[in-house]
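J.: First the structure, which I've put down as structure tokens, then a few questions once you've had a look.
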There are 2 protein chains.
Amino acid sequence: MNGSLLLLERLGALIHQSTRDDAARHGLLPIHVQVLSYLARANRYSDIPIAIAEYFGLTRGTVSQSLAVLERKGLIEKKPDERHGRRVQLLLTPAGRAVLEDSWTKDLDAELAAAPMLAGQLEDTLRGLLTGLQRRNGQRPFGICHHCAHYLREADGSRCGLTREPLAEEQTVRLCREWTMPAAQSA
Amino acid sequence: MNGSLLLLERLGALIHQSTRDDAARHGLLPIHVQVLSYLARANRYSDIPIAIAEYFGLTRGTVSQSLAVLERKGLIEKKPDERHGRRVQLLLTPAGRAVLEDSWTKDLDAELAAAPMLAGQLEDTLRGLLTGLQRRNGQRPFGICHHCAHYLREADGSRCGLTREPLAEEQTVRLCREWTMPAAQSA
DNA sequence: ATTTTAAGTATAGAGTCGATACATTCCGGT
DNA sequence: ACCGGAATGTATCGACTCTATACTTAAAAT
């Protein structure tokens, strides 16, 4: 029995609570803010409803309704994808971006600065927990291109080996639902 | 900007998601399981609706409704408190206890065992984060008697200096909403 | 060309959650 | 003993989540 277990459970509850407070300040619910935060960090393969469903472990129907609310409030825009008939690209509006400005993470940041632990070590531990939990839940890991098995560095930029498309530098630091762990670090 | 920030945000989302999965297995929602888990660890000063509202940052009305659901499903019982006319003591039924048996924390436990960090160090860091977040949210800290400023060790057992009542040993390891940090460790 | 899969939507039902109003009990001071 | 406020719990309304189910349409596989 690990003593950190109850602490992590409580920490999860507090994080959820802080997110709820943030959301309430804008007349929203936690999942709304979480979706906005996700979209602010998703690349062009991942700013679609199905990716949100996978990321948060929700059904497509649930996500569809939450997105309708966000669109009605003018926080996101739906843009049909010409190349894939059925797909809808989700874009943050300036108003949507503004919601992310004041966040509980400011507080967390301050607390972390005072934490009596090496930052890198804590990061490694948390990353390990995340990866493990995701694997156990049968979820996609949602990493960034630079550390992806499909990432190809080329003479004049980079390319995704899965879609064969060139990648704008700005896209490669965003979350991707196609992310795959390279063989080298498959521990 | 701390790198652990996004990790903790994602970890919070995953914890919530795991809790939702656990709850769904019993036809419940996350908050239901969280309330049951809380009641399993609350002492006799803290197994009342108002304490749950404080612990999870919800209004009394919201908690009242969730408790009605749990009672209707036979997972808790409400027992009027003779000494305090209006208060209601909340007790887990065997069925309620059974819900807590299979939990995502089993997975988390396994992951923690493989974590490349000293258990005590991680615990200290997490405890610091918790305390800081709670203070920033203006919440009660909800600790256990053994580390409480009101805790009095006596010849034949122990006593709560706030209520003047003697404490059964079994009660002193449970969460208490009256918990106060001793001056010595007020860092 | 036909089937299967993927992606999104629509709808109904249970329940959360906040807001508001209300009832009851306790506790303070006078 | 009385009054007023604080604490605790409940009732009700409205917006919304979330699942389940059924339904579309487009892409992929055979």
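Simple scheme: letters A, B, ... for chains in structure tokens order, numbers from 1 for residues in each chain, numbers from 1 for ligands in the order shown.
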Could I get the residues of chain D with an atom no further than 8 Å from an atom of chain A, each paired with its nearest atom pair and that distance in Å to one decimal, using only C-alpha atoms (C1' of nucleotides), sorted by chain and residue number, as a Markdown table?

T.:
```
| residue | atom | partner | partner_atom | distance |
| --- | --- | --- | --- | --- |
| D:DT17 | C1' | A:Thr62 | CA | 7.4 |
| D:DC18 | C1' | A:Thr62 | CA | 6.0 |
| D:DT19 | C1' | A:Thr59 | CA | 7.9 |
| D:DT25 | C1' | A:Arg86 | CA | 7.1 |
| D:DA26 | C1' | A:Arg86 | CA | 5.9 |
```

J.: Compile the residues of chain A that lie within 6 Å of chain B, evaluated using only C-alpha atoms, and express the compilation as a list in words.

T.: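 Close to chain B, chain A has Ser4, Gly12, Glu111, Ala115, Glu123, Thr125 and Leu129 of chain A.
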
J.: DSSP on the backbone, then: every residue of segment 2-179 of chain B marked helix (DSSP H, G or I), written as a PyMOL selection string.

T.: chain B and resi 4-24+30-39+49-56+60-72+94-99+105-113+119-136+145-147+169-173

J.: Can those selected residues be exported to a file as a PDB file, in the first residue's frame so that it contains C-alpha atoms?

T.:
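again-v2.pdb, written as the output of this step:
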```
ATOM      1  CA  SER B   4       5.051  19.584 -14.384  1.00  0.00           C
ATOM      2  CA  LEU B   5       2.096  21.891 -14.815  1.00  0.00           C
ATOM      3  CA  LEU B   6       0.579  20.393 -17.943  1.00  0.00           C
ATOM      4  CA  LEU B   7       1.396  16.943 -16.632  1.00  0.00           C
ATOM      5  CA  LEU B   8      -0.573  17.538 -13.452  1.00  0.00           C
ATOM      6  CA  GLU B   9      -3.468  18.964 -15.436  1.00  0.00           C
ATOM      7  CA  ARG B  10      -3.537  15.862 -17.627  1.00  0.00           C
ATOM      8  CA  LEU B  11      -3.089  13.604 -14.642  1.00  0.00           C
ATOM      9  CA  GLY B  12      -6.099  15.222 -13.009  1.00  0.00           C
ATOM     10  CA  ALA B  13      -8.170  14.587 -16.124  1.00  0.00           C
ATOM     11  CA  LEU B  14      -7.083  10.955 -16.235  1.00  0.00           C
ATOM     12  CA  ILE B  15      -7.861  10.429 -12.563  1.00  0.00           C
ATOM     13  CA  HIS B  16     -11.321  11.869 -13.113  1.00  0.00           C
ATOM     14  CA  GLN B  17     -11.762   9.621 -16.109  1.00  0.00           C
ATOM     15  CA  SER B  18     -10.718   6.522 -14.182  1.00  0.00           C
ATOM     16  CA  THR B  19     -13.134   7.436 -11.431  1.00  0.00           C
ATOM     17  CA  ARG B  20     -15.886   7.823 -14.012  1.00  0.00           C
ATOM     18  CA  ASP B  21     -15.138   4.351 -15.345  1.00  0.00           C
ATOM     19  CA  ASP B  22     -15.251   2.878 -11.837  1.00  0.00           C
ATOM     20  CA  ALA B  23     -18.530   4.625 -11.163  1.00  0.00           C
ATOM     21  CA  ALA B  24     -20.091   3.542 -14.444  1.00  0.00           C
ATOM     22  CA  PRO B  30     -17.902  10.094 -10.279  1.00  0.00           C
ATOM     23  CA  ILE B  31     -19.116  12.239  -7.417  1.00  0.00           C
ATOM     24  CA  HIS B  32     -21.074   9.294  -6.001  1.00  0.00           C
ATOM     25  CA  VAL B  33     -17.992   7.139  -5.685  1.00  0.00           C
ATOM     26  CA  GLN B  34     -15.996  10.049  -4.346  1.00  0.00           C
ATOM     27  CA  VAL B  35     -18.570  10.646  -1.629  1.00  0.00           C
ATOM     28  CA  LEU B  36     -18.571   6.976  -0.666  1.00  0.00           C
ATOM     29  CA  SER B  37     -14.788   7.017  -0.515  1.00  0.00           C
ATOM     30  CA  TYR B  38     -14.873  10.109   1.648  1.00  0.00           C
ATOM     31  CA  LEU B  39     -17.375   8.602   4.074  1.00  0.00           C
ATOM     32  CA  PRO B  49     -23.540  16.650   4.505  1.00  0.00           C
ATOM     33  CA  ILE B  50     -21.933  20.017   5.223  1.00  0.00           C
ATOM     34  CA  ALA B  51     -18.521  18.378   5.533  1.00  0.00           C
ATOM     35  CA  ILE B  52     -18.951  16.754   2.128  1.00  0.00           C
ATOM     36  CA  ALA B  53     -19.888  20.111   0.643  1.00  0.00           C
ATOM     37  CA  GLU B  54     -16.705  21.624   2.089  1.00  0.00           C
ATOM     38  CA  TYR B  55     -14.491  18.748   1.053  1.00  0.00           C
ATOM     39  CA  PHE B  56     -15.577  18.793  -2.584  1.00  0.00           C
ATOM     40  CA  ARG B  60     -25.293  22.167   0.245  1.00  0.00           C
ATOM     41  CA  GLY B  61     -28.132  21.823  -2.247  1.00  0.00           C
ATOM     42  CA  THR B  62     -26.027  19.863  -4.699  1.00  0.00           C
ATOM     43  CA  VAL B  63     -24.765  17.548  -1.974  1.00  0.00           C
ATOM     44  CA  SER B  64     -28.284  17.055  -0.658  1.00  0.00           C
ATOM     45  CA  GLN B  65     -29.421  15.726  -4.005  1.00  0.00           C
ATOM     46  CA  SER B  66     -26.450  13.427  -4.515  1.00  0.00           C
ATOM     47  CA  LEU B  67     -27.003  11.977  -1.052  1.00  0.00           C
ATOM     48  CA  ALA B  68     -30.660  11.367  -1.908  1.00  0.00           C
ATOM     49  CA  VAL B  69     -29.529   9.296  -4.885  1.00  0.00           C
ATOM     50  CA  LEU B  70     -27.062   7.294  -2.808  1.00  0.00           C
ATOM     51  CA  GLU B  71     -29.712   6.649  -0.171  1.00  0.00           C
ATOM     52  CA  ARG B  72     -32.283   5.587  -2.730  1.00  0.00           C
ATOM     53  CA  PRO B  94     -22.309  -2.981   3.162  1.00  0.00           C
ATOM     54  CA  ALA B  95     -23.418  -2.361  -0.423  1.00  0.00           C
ATOM     55  CA  GLY B  96     -21.807   1.070  -0.289  1.00  0.00           C
ATOM     56  CA  ARG B  97     -18.581  -0.407   1.000  1.00  0.00           C
ATOM     57  CA  ALA B  98     -18.623  -2.997  -1.767  1.00  0.00           C
ATOM     58  CA  VAL B  99     -18.572  -0.294  -4.434  1.00  0.00           C
ATOM     59  CA  THR B 105      -6.306   3.029  -7.494  1.00  0.00           C
ATOM     60  CA  LYS B 106      -5.163  -0.559  -7.900  1.00  0.00           C
ATOM     61  CA  ASP B 107      -3.661   0.473 -11.225  1.00  0.00           C
ATOM     62  CA  LEU B 108      -2.197   3.597  -9.756  1.00  0.00           C
ATOM     63  CA  ASP B 109      -0.653   1.586  -6.965  1.00  0.00           C
ATOM     64  CA  ALA B 110       1.068  -0.654  -9.480  1.00  0.00           C
ATOM     65  CA  GLU B 111       2.374   2.338 -11.402  1.00  0.00           C
ATOM     66  CA  LEU B 112       3.683   3.976  -8.272  1.00  0.00           C
ATOM     67  CA  ALA B 113       5.571   0.836  -7.369  1.00  0.00           C
ATOM     68  CA  ALA B 119       8.289   7.156  -2.158  1.00  0.00           C
ATOM     69  CA  GLY B 120       8.742   9.509   0.771  1.00  0.00           C
ATOM     70  CA  GLN B 121       9.981  12.319  -1.413  1.00  0.00           C
ATOM     71  CA  LEU B 122       7.018  12.080  -3.794  1.00  0.00           C
ATOM     72  CA  GLU B 123       4.685  12.001  -0.822  1.00  0.00           C
ATOM     73  CA  ASP B 124       6.190  15.164   0.638  1.00  0.00           C
ATOM     74  CA  THR B 125       5.889  16.987  -2.662  1.00  0.00           C
ATOM     75  CA  LEU B 126       2.288  15.959  -3.184  1.00  0.00           C
ATOM     76  CA  ARG B 127       1.374  16.858   0.382  1.00  0.00           C
ATOM     77  CA  GLY B 128       2.894  20.290  -0.123  1.00  0.00           C
ATOM     78  CA  LEU B 129       0.912  20.805  -3.320  1.00  0.00           C
ATOM     79  CA  LEU B 130      -2.293  19.731  -1.607  1.00  0.00           C
ATOM     80  CA  THR B 131      -1.814  21.999   1.374  1.00  0.00           C
ATOM     81  CA  GLY B 132      -0.970  24.946  -0.840  1.00  0.00           C
ATOM     82  CA  LEU B 133      -3.930  24.448  -3.160  1.00  0.00           C
ATOM     83  CA  GLN B 134      -6.306  24.064  -0.248  1.00  0.00           C
ATOM     84  CA  ARG B 135      -5.059  27.252   1.371  1.00  0.00           C
ATOM     85  CA  ARG B 136      -5.386  29.168  -1.885  1.00  0.00           C
ATOM     86  CA  CYS B 145      -6.299  13.714  14.629  1.00  0.00           C
ATOM     87  CA  HIS B 146      -2.781  12.446  15.235  1.00  0.00           C
ATOM     88  CA  HIS B 147      -1.368  15.483  13.468  1.00  0.00           C
ATOM     89  CA  GLU B 169      -8.386   5.132  18.736  1.00  0.00           C
ATOM     90  CA  GLU B 170     -10.128   4.054  15.546  1.00  0.00           C
ATOM     91  CA  GLN B 171     -11.515   7.585  15.087  1.00  0.00           C
ATOM     92  CA  THR B 172      -8.142   9.292  15.244  1.00  0.00           C
ATOM     93  CA  VAL B 173      -6.937   7.918  11.914  1.00  0.00           C
TER      94      VAL B 173
END
```

J.: Quick one: of C:DT2, C:DT16, C:DT25, C:DT9, who's nearest to chain A, counting only C-alpha atoms (C1' of nucleotides)?

T.: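 Of C:DT2, C:DT16, C:DT25, C:DT9, the one nearest chain A is C:DT9, counting only C-alpha atoms (C1' of nucleotides).
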
J.: Find the residues in chain C near chain B: any atom within 9 Å counts, using only C-alpha atoms (C1' of nucleotides). Write them as a VMD selection string.

T.: chain C and resid 15 to 18 24 to 26

J.: Keeping N, CA and C atoms (P, O5', C5', C4', C3', O3' and C1' of nucleotides), export the residues of the selection given above as a short mmCIF file (atom, residue, chain, number, x, y, z; two decimals), in the first residue's frame.

T.:
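Saved result, result.cif, follows:
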```
data_model
loop_
_atom_site.label_atom_id
_atom_site.label_comp_id
_atom_site.auth_asym_id
_atom_site.auth_seq_id
_atom_site.Cartn_x
_atom_site.Cartn_y
_atom_site.Cartn_z
P DG C 15 -31.13 8.65 -11.23
"O5'" DG C 15 -30.07 9.83 -11.18
"C5'" DG C 15 -28.78 9.63 -11.74
"C4'" DG C 15 -28.09 10.96 -11.91
"C3'" DG C 15 -28.20 11.89 -10.69
"O3'" DG C 15 -26.92 12.07 -10.11
"C1'" DG C 15 -28.55 13.06 -12.73
P DT C 16 -26.71 13.12 -8.89
"O5'" DT C 16 -25.85 14.29 -9.57
"C5'" DT C 16 -24.73 13.92 -10.36
"C4'" DT C 16 -24.09 15.14 -11.01
"C3'" DT C 16 -23.65 16.24 -10.04
"O3'" DT C 16 -22.41 16.76 -10.52
"C1'" DT C 16 -25.20 17.13 -11.60
P DC C 17 -21.43 17.46 -9.45
"O5'" DC C 17 -21.97 18.95 -9.37
"C5'" DC C 17 -21.74 19.80 -10.50
"C4'" DC C 17 -22.64 21.03 -10.44
"C3'" DC C 17 -22.71 21.72 -9.07
"O3'" DC C 17 -21.84 22.86 -9.10
"C1'" DC C 17 -24.80 21.70 -10.26
P DG C 18 -21.77 23.81 -7.83
"O5'" DG C 18 -22.77 24.97 -8.25
"C5'" DG C 18 -22.60 25.60 -9.52
"C4'" DG C 18 -23.67 26.67 -9.71
"C3'" DG C 18 -23.83 27.64 -8.54
"O3'" DG C 18 -24.04 28.95 -9.07
"C1'" DG C 18 -25.88 26.55 -8.96
P DT C 24 -40.51 23.83 10.12
"O5'" DT C 24 -39.21 23.50 10.98
"C5'" DT C 24 -38.43 22.37 10.62
"C4'" DT C 24 -37.05 22.49 11.24
"C3'" DT C 24 -37.05 22.75 12.75
"O3'" DT C 24 -36.47 21.64 13.38
"C1'" DT C 24 -35.45 24.07 11.61
P DT C 25 -36.56 21.50 15.00
"O5'" DT C 25 -35.08 21.89 15.48
"C5'" DT C 25 -33.96 21.20 14.92
"C4'" DT C 25 -32.69 21.98 15.20
"C3'" DT C 25 -32.48 22.34 16.67
"O3'" DT C 25 -31.27 21.74 17.10
"C1'" DT C 25 -32.03 24.18 15.23
P DC C 26 -30.93 21.74 18.68
"O5'" DC C 26 -29.81 22.88 18.76
"C5'" DC C 26 -28.64 22.75 17.96
"C4'" DC C 26 -27.92 24.08 17.89
"C3'" DC C 26 -27.54 24.67 19.25
"O3'" DC C 26 -26.15 24.94 19.27
"C1'" DC C 26 -28.57 26.30 17.86
#
```

J.: Identify which of the residues A:Leu167, A:Val88, A:Ile48, A:Cys160 lies closest to Trp179 of chain A, counting only C-alpha atoms when measuring atom-to-atom distances.

T.: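 Using only C-alpha atoms, Trp179 of chain A sits closest to A:Cys160.
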
J.: From a backbone DSSP assignment, name each residue in chain B labelled strand (DSSP E), as number ranges by chain.

T.: B: 76-80, 88-92, 143-144, 151-154, 157-160, 166-167, 175-176
